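Colleague: One file is attached below, structure_25.cif, containing mmCIF, C-alpha atoms.
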```cif
data_protein
#
loop_
_atom_site.label_atom_id
_atom_site.label_comp_id
_atom_site.auth_asym_id
_atom_site.auth_seq_id
_atom_site.Cartn_x
_atom_site.Cartn_y
_atom_site.Cartn_z
CA MET A 1 50.26 66.58 -24.73
CA SER A 2 50.32 64.15 -27.64
CA LYS A 3 47.95 61.19 -27.78
CA ASN A 4 50.87 58.80 -27.40
CA GLU A 5 52.29 60.49 -24.31
CA THR A 6 51.70 58.80 -20.96
CA ARG A 7 50.92 61.18 -18.15
CA SER A 8 52.29 60.53 -14.68
CA ALA A 9 50.95 61.32 -11.21
CA VAL A 10 51.88 61.12 -7.58
CA VAL A 11 48.84 60.52 -5.36
CA THR A 12 49.21 60.87 -1.60
CA GLY A 13 47.15 58.78 0.79
CA ALA A 14 46.86 56.02 -1.82
CA GLY A 15 46.66 53.23 0.73
CA SER A 16 42.90 53.54 1.19
CA GLY A 17 39.80 55.63 0.58
CA LEU A 18 39.88 58.48 -1.91
CA GLY A 19 43.63 58.25 -2.48
CA PHE A 20 43.34 54.60 -3.51
CA ALA A 21 40.28 55.29 -5.69
CA THR A 22 42.08 58.17 -7.42
CA ALA A 23 45.27 56.20 -8.04
CA LYS A 24 43.24 53.27 -9.39
CA LEU A 25 41.19 55.50 -11.72
CA LEU A 26 44.24 57.28 -13.13
CA LYS A 27 45.98 53.96 -13.73
CA SER A 28 42.90 52.68 -15.60
CA GLU A 29 43.10 55.81 -17.77
CA GLY A 30 46.65 54.96 -18.80
CA TRP A 31 48.58 57.16 -16.38
CA THR A 32 51.84 56.11 -14.73
CA VAL A 33 50.93 56.32 -11.05
CA PHE A 34 52.96 56.52 -7.85
CA GLY A 35 50.97 56.23 -4.62
CA THR A 36 52.21 57.22 -1.19
CA ILE A 37 51.29 55.00 1.73
CA ILE A 38 52.19 54.97 5.40
CA GLU A 39 54.36 52.27 6.92
CA SER A 40 51.45 50.36 8.45
CA GLN A 41 49.66 49.94 5.11
CA SER A 42 50.20 47.06 2.71
CA PRO A 43 51.46 47.90 -0.79
CA ASP A 44 50.00 44.72 -2.29
CA GLU A 45 46.75 46.10 -3.73
CA LEU A 46 48.57 48.99 -5.42
CA LYS A 47 51.17 46.65 -6.87
CA LYS A 48 48.46 44.38 -8.29
CA LEU A 49 47.09 47.38 -10.20
CA GLY A 50 50.52 48.35 -11.56
CA ILE A 51 50.80 51.37 -9.24
CA THR A 52 54.17 52.04 -7.62
CA PRO A 53 53.77 52.34 -3.83
CA ILE A 54 56.11 54.64 -1.91
CA VAL A 55 56.22 54.65 1.89
CA VAL A 56 56.20 58.30 2.99
CA ASP A 57 55.41 60.19 6.16
CA ILE A 58 54.49 63.43 4.43
CA SER A 59 54.97 65.42 7.64
CA LYS A 60 58.72 64.79 7.28
CA PRO A 61 60.38 66.81 4.48
CA GLU A 62 63.33 64.44 4.27
CA MET A 63 60.91 61.63 3.36
CA THR A 64 59.09 63.69 0.71
CA ASP A 65 62.51 64.62 -0.75
CA ALA A 66 63.44 60.92 -0.85
CA ALA A 67 60.12 60.12 -2.55
CA LYS A 68 60.84 62.78 -5.17
CA LYS A 69 64.21 61.15 -5.94
CA GLN A 70 62.54 57.76 -6.34
CA VAL A 71 59.95 59.17 -8.76
CA GLU A 72 62.62 61.12 -10.64
CA GLU A 73 64.68 57.97 -11.17
CA ALA A 74 61.62 56.15 -12.50
CA LEU A 75 60.57 58.94 -14.88
CA GLY A 76 64.00 59.91 -16.16
CA ASP A 77 63.93 63.24 -17.95
CA LYS A 78 60.16 63.27 -18.57
CA GLY A 79 59.07 65.23 -15.53
CA LEU A 80 55.89 64.70 -13.49
CA SER A 81 52.47 65.55 -14.94
CA ALA A 82 50.45 65.86 -11.73
CA LEU A 83 50.60 65.89 -7.96
CA ILE A 84 47.35 65.03 -6.16
CA ASN A 85 47.40 65.73 -2.42
CA VAL A 86 44.75 63.54 -0.80
CA ALA A 87 46.34 62.33 2.44
CA GLY A 88 44.56 63.42 5.58
CA LEU A 89 43.65 62.55 9.15
CA PRO A 90 40.31 61.84 10.88
CA VAL A 91 40.77 64.76 13.27
CA GLY A 92 37.79 66.35 14.96
CA GLY A 93 36.55 68.13 18.03
CA LEU A 94 35.91 71.63 19.34
CA LEU A 95 38.53 74.35 19.18
CA GLU A 96 38.45 74.94 22.94
CA GLY A 97 38.96 71.24 23.55
CA CYS A 98 41.86 70.71 21.13
CA SER A 99 45.18 70.62 22.95
CA PRO A 100 48.18 72.40 21.39
CA GLU A 101 49.74 68.98 20.78
CA TYR A 102 46.65 67.73 18.94
CA MET A 103 46.51 70.83 16.74
CA ARG A 104 50.23 70.59 15.96
CA TRP A 105 49.79 66.97 14.91
CA SER A 106 46.84 67.86 12.68
CA LEU A 107 48.70 70.76 11.08
CA SER A 108 51.90 68.76 10.63
CA VAL A 109 50.23 66.14 8.44
CA ILE A 110 47.48 68.01 6.60
CA VAL A 111 49.09 71.43 6.11
CA GLU A 112 52.83 70.86 6.42
CA GLY A 113 52.46 67.56 4.59
CA THR A 114 50.91 69.30 1.59
CA ILE A 115 53.60 71.99 1.66
CA ASN A 116 56.34 69.34 1.89
CA MET A 117 54.97 67.43 -1.09
CA VAL A 118 54.64 70.56 -3.20
CA ARG A 119 58.10 71.83 -2.31
CA SER A 120 59.73 68.46 -3.00
CA PHE A 121 57.96 67.75 -6.30
CA LEU A 122 57.87 71.20 -7.92
CA PRO A 123 61.19 70.64 -9.75
CA LEU A 124 59.68 67.56 -11.45
CA LEU A 125 56.44 69.40 -12.21
CA ARG A 126 58.36 72.30 -13.79
CA LYS A 127 60.37 69.83 -15.85
CA TYR A 128 57.13 68.47 -17.32
CA GLY A 129 55.84 71.96 -18.14
CA PRO A 130 52.02 72.21 -18.18
CA ALA A 131 51.72 70.17 -14.98
CA ARG A 132 48.79 70.10 -12.53
CA ILE A 133 48.42 70.13 -8.75
CA VAL A 134 45.15 69.10 -7.09
CA ASN A 135 44.67 69.61 -3.36
CA VAL A 136 41.74 67.77 -1.82
CA THR A 137 40.10 70.07 0.72
CA THR A 138 36.52 69.81 2.01
CA SER A 139 33.10 71.41 1.65
CA GLY A 140 33.80 72.53 5.23
CA THR A 141 35.68 75.47 3.74
CA PHE A 142 32.22 76.70 2.65
CA ILE A 143 30.29 75.62 5.76
CA PRO A 144 32.49 74.46 8.64
CA ALA A 145 30.41 71.87 10.49
CA VAL A 146 30.42 71.90 14.27
CA PHE A 147 32.91 69.50 15.87
CA THR A 148 35.29 69.59 12.89
CA ALA A 149 37.53 72.43 14.13
CA PRO A 150 41.02 70.95 13.54
CA TYR A 151 40.06 69.39 10.20
CA SER A 152 38.29 72.49 8.86
CA ILE A 153 41.09 74.81 10.00
CA CYS A 154 43.69 72.65 8.26
CA LYS A 155 41.61 72.47 5.09
CA PHE A 156 41.12 76.24 5.06
CA ALA A 157 44.92 76.46 5.13
CA GLU A 158 45.13 73.95 2.28
CA GLN A 159 42.74 76.10 0.27
CA GLY A 160 45.09 79.00 0.96
CA ILE A 161 48.01 76.93 -0.35
CA THR A 162 46.00 76.26 -3.51
CA GLU A 163 45.26 79.93 -4.14
CA VAL A 164 48.82 81.08 -3.41
CA LEU A 165 50.24 78.49 -5.82
CA ARG A 166 47.85 79.55 -8.58
CA TYR A 167 49.64 82.92 -8.61
CA GLU A 168 53.17 81.68 -7.97
CA LEU A 169 53.13 78.98 -10.66
CA ARG A 170 51.11 80.69 -13.39
CA LYS A 171 54.21 81.77 -15.32
CA PHE A 172 55.48 78.18 -15.35
CA GLY A 173 52.28 76.89 -16.95
CA ILE A 174 51.45 74.83 -13.85
CA GLN A 175 47.76 74.93 -12.93
CA VAL A 176 46.48 74.36 -9.40
CA CYS A 177 43.00 73.66 -8.04
CA SER A 178 41.25 72.23 -5.02
CA VAL A 179 38.58 69.54 -5.02
CA ALA A 180 36.19 69.89 -2.09
CA PRO A 181 34.10 66.80 -1.30
CA GLY A 182 31.20 66.66 1.09
CA GLY A 183 30.82 63.58 3.26
CA MET A 184 32.50 60.46 1.91
CA LYS A 185 32.16 56.79 2.75
CA THR A 186 35.78 55.88 3.49
CA PRO A 187 37.60 53.94 6.22
CA MET A 188 38.42 57.33 7.79
CA THR A 189 34.71 58.18 8.18
CA GLU A 190 32.99 54.81 8.47
CA ASP A 191 32.39 55.07 12.23
CA MET A 192 31.13 58.64 12.66
CA LYS A 193 29.48 58.03 16.04
CA GLY A 194 32.50 56.14 17.35
CA ASN A 195 34.86 58.91 16.22
CA THR A 196 32.61 61.52 17.86
CA GLN A 197 32.72 59.65 21.17
CA LYS A 198 36.51 59.31 20.96
CA ASN A 199 36.78 63.06 20.48
CA TRP A 200 34.55 63.74 23.50
CA ASP A 201 36.73 61.38 25.55
CA ARG A 202 39.92 63.02 24.30
CA MET A 203 38.69 66.53 25.17
CA GLY A 204 37.55 65.49 28.64
CA PRO A 205 34.46 65.86 30.87
CA GLU A 206 34.79 69.63 31.35
CA ILE A 207 34.39 70.34 27.62
CA TYR A 208 31.59 67.76 27.42
CA ASP A 209 29.69 69.45 30.24
CA ILE A 210 30.02 72.87 28.63
CA TYR A 211 29.09 71.92 25.08
CA TYR A 212 27.07 68.71 24.87
CA ASP A 213 23.63 70.14 25.60
CA LYS A 214 24.29 72.98 23.14
CA ILE A 215 25.44 70.93 20.16
CA HIS A 216 24.31 67.30 20.47
CA LYS A 217 21.41 67.85 18.05
CA SER A 218 23.86 69.24 15.51
CA LEU A 219 26.13 66.23 15.95
CA ASP A 220 23.23 63.85 15.39
CA PHE A 221 22.42 65.72 12.16
CA ILE A 222 26.04 65.73 10.97
CA ASN A 223 26.50 62.02 11.71
CA MET A 224 23.29 61.26 9.84
CA MET A 225 24.43 63.29 6.82
CA GLY A 226 27.81 61.59 6.93
CA GLY A 227 26.08 58.29 6.31
CA LEU A 228 24.73 59.70 3.05
CA GLY A 229 28.16 60.66 1.74
CA SER A 230 29.59 60.04 -1.71
CA LYS A 231 31.62 57.01 -2.68
CA PRO A 232 35.34 57.76 -3.13
CA GLU A 233 35.10 56.61 -6.75
CA SER A 234 32.68 59.41 -7.61
CA VAL A 235 34.98 62.04 -6.08
CA ALA A 236 37.96 60.51 -7.91
CA LYS A 237 36.06 61.16 -11.16
CA VAL A 238 35.85 64.86 -10.24
CA ILE A 239 39.63 64.90 -9.70
CA LEU A 240 40.17 63.31 -13.12
CA LYS A 241 37.76 65.80 -14.68
CA ALA A 242 39.75 68.68 -13.17
CA LEU A 243 43.04 67.21 -14.42
CA ASN A 244 41.63 66.98 -17.96
CA LYS A 245 40.31 70.55 -18.07
CA LYS A 246 42.12 72.94 -20.39
CA LYS A 247 41.77 75.63 -17.74
CA MET A 248 41.25 74.61 -14.11
CA LYS A 249 38.78 76.42 -11.88
CA ILE A 250 39.96 77.40 -8.40
CA THR A 251 37.67 74.88 -6.67
CA TYR A 252 35.52 71.93 -7.72
CA LEU A 253 32.81 70.88 -5.29
CA ALA A 254 32.33 67.11 -5.37
CA GLY A 255 29.17 65.25 -4.47
CA PRO A 256 25.42 65.81 -4.91
CA MET A 257 25.08 67.03 -1.33
CA VAL A 258 27.42 70.00 -1.85
CA VAL A 259 27.45 71.11 -5.50
CA TRP A 260 24.64 73.59 -4.80
CA MET A 261 26.65 75.52 -2.19
CA LYS A 262 28.44 77.98 -4.47
CA PRO A 263 25.40 79.27 -6.39
CA VAL A 264 23.18 79.43 -3.29
CA LYS A 265 25.85 81.29 -1.28
CA ARG A 266 26.30 83.71 -4.17
CA LEU A 267 22.55 84.25 -4.39
CA LEU A 268 21.88 84.73 -0.67
CA GLY A 269 25.08 86.44 0.39
CA GLU A 270 27.34 85.26 3.22
CA ASP A 271 25.18 86.31 6.17
CA LEU A 272 21.92 84.75 4.96
CA PHE A 273 23.76 81.64 3.81
CA GLU A 274 25.31 81.24 7.26
CA ALA A 275 21.91 81.69 8.91
CA MET A 276 20.37 79.07 6.62
CA MET A 277 23.15 76.55 7.22
CA SER A 278 23.02 77.14 10.99
CA LYS A 279 19.35 76.20 10.97
CA MET A 280 20.04 73.14 8.82
CA GLN A 281 22.71 72.05 11.29
CA LYS A 282 20.27 72.71 14.15
CA MET A 283 22.43 75.44 15.57
CA GLY A 284 19.79 78.13 15.47
#
```
For this file, write the structure as C-alpha cells.

Modeller:
Amino acid sequence: MSKNETRSAVVTGAGSGLGFATAKLLKSEGWTVFGTIIESQSPDELKKLGITPIVVDISKPEMTDAAKKQVEEALGDKGLSALINVAGLPVGGLLEGCSPEYMRWSLSVIVEGTINMVRSFLPLLRKYGPARIVNVTTSGTFIPAVFTAPYSICKFAEQGITEVLRYELRKFGIQVCSVAPGGMKTPMTEDMKGNTQKNWDRMGPEIYDIYYDKIHKSLDFINMMGGLGSKPESVAKVILKALNKKKMKITYLAGPMVVWMKPVKRLLGEDLFEAMMSKMQKMG
C-alpha cells in the first residue's frame, strides 16, 4: 500500500463499546470507516467522527448483502481493505440451563452473523487484494469461565471460522486473525452482577438449586475480575496493531490480565494449566 492510499474498513458493532472504539481509532488513523449499528442505536456519534453508519442485523444475510452494496457504491472500484467483526451479545449461563431457543439466538448473531459478514464482503476484500479480516473472540477460548457457556461456545466457533479462513484465503493474499480480549469495561459488561442474576432467573429455580452452591464462589471471583477489565480503547489498539502487521499471527491476546495465558499454557501443558485455572476460579 502506498503512503497516499487511504485504507477502508467495515467494523461491526460500532454503535458502542469495542466496536465504537475501533471505528473511532481507525478513523483517527486516516482510514475510511463504515460502522454497522442496530436499529435501536443512534448514528449521530459516528457521523460526528466522519464514520458512515449502516443499520444492519448481521444475523440476516439479506441485510449484510445490502450493506455490502452500500459500501461498494461508496468505494467504487477500490475494494475494501479490512473487515473487523466485533458485534456480539451479552449471553451467559450454564449449558444445562440454556434453552434451544436461547442457544439458537446466540449462534444466529455471533456465529452466523460473522459468517454472513464474511460471505457478503469477501468480493470487496478480494478486489482490494492484500485485505485483512479480524474476528474478535475472547480469552474464554483459552479458559472458558463458568457461567459463560453460550458466549464461549459461540466464540470457539468464531475462532474456528478464523482458522478455516486463514487456509481458504491464503492464495488471495487475504490475512485473517482473531483478537481475544479478557474482561472489558463496556456497556455490555458494566452490570456483571445484574446480568448474572438475570441469567439465573432465565434458567429457572431448578437449575439454581442444582448449581448455585457449587459455583457461587466462582461467580463472585469472575464478577470481581470483570471489574478489572481493559478499556475498549486499549483493545482497539491491539486490533490496529494486528491490521498493521506484515504477517498476522493466528490470535492476539488483548489485555494485561490475559497476555500471559499462551506462554504459561505452553509451559505447563493443557492438563496442569486447566488445574491451575480451576483453582484460580475457585472450582477446585

Colleague: Report the distance between CA of Val86 in chain A and CA of Pro232 in chain A in Å, rounded to one decimal place.

Modeller: 11.3 Å

Colleague: Rank A:Ala131, A:Leu95, A:Ile143, A:Met248 by their smallest atom-to-atom distance to Asp271 in chain A, using all atoms listed in the file, and report the top residue only.

Modeller: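 When distances to Asp271 in chain A are compared using all atoms listed in the file, the smallest one comes from A:Ile143.
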
Colleague: Which residue gives the smallest distance to Val111 in chain A among A:Pro263, A:Gly255, A:Gly183, A:Gly160, with all atoms listed in the file counted?

Modeller: A:Gly160

Colleague: With all atoms listed in the file as the counted atoms, please give the residues lying no more than 10 Å from Arg119 in chain A, apart from itself and same-chain residues fewer than 6 positions off, as a PyMOL selection string.

Modeller: chain A and resi 61+64-65+68+113

Colleague: Could you write out as a PyMOL selection string the residues that the PyMOL selection byres ((chain A and resi 204-221) around 10) matches in the shown file?

Modeller: chain A and resi 94+96-98+145-147+192-193+196+198-203+222-226+278-284

Colleague: What does the distance from CA of Met184 in chain A to CA of Val109 in chain A come to in Å, to one decimal?

Modeller: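 Separating CA of Met184 in chain A from CA of Val109 in chain A is a distance of 19.7 Å.
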
Colleague: Can I get the residues of range 200-256 of chain A within 7 Å of range 169-177 of chain A, each with the closest pair of atoms and their distance in Å to one decimal, using all atoms listed in the file, sorted chain first then ascending number, as a Markdown table?

Modeller:
```
| residue | atom | partner | partner_atom | distance |
| --- | --- | --- | --- | --- |
| A:Met248 | CA | A:Cys177 | CA | 6.4 |
| A:Lys249 | CA | A:Cys177 | CA | 6.3 |
| A:Ile250 | CA | A:Cys177 | CA | 4.8 |
| A:Thr251 | CA | A:Cys177 | CA | 5.6 |
```

Colleague: When you draw a straight line from CA of Val179 in chain A to CA of Tyr167 in chain A, how long is it in Å?

Modeller: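 Separation between CA of Val179 in chain A and CA of Tyr167 in chain A: 17.7 Å.
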
Colleague: Any chance you could work out the axis-aligned box around range 208-222 of chain A, listed atoms only, 4 Å on each side, giving centre and edge lengths in Å to one decimal, as lines of an AutoDock Vina configuration file?

Modeller:
```
center_x = 26.5
center_y = 68.4
center_z = 20.6
size_x = 18.2
size_y = 17.1
size_z = 27.3
```

Colleague: Using all atoms listed in the file, can you tell me which of A:Ile84, A:Gln197, A:Gly17, A:Ala254 comes closest to Gly140 in chain A?

Modeller: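 Looking only at the distances to Gly140 in chain A, the closest residue turns out to be A:Ala254.
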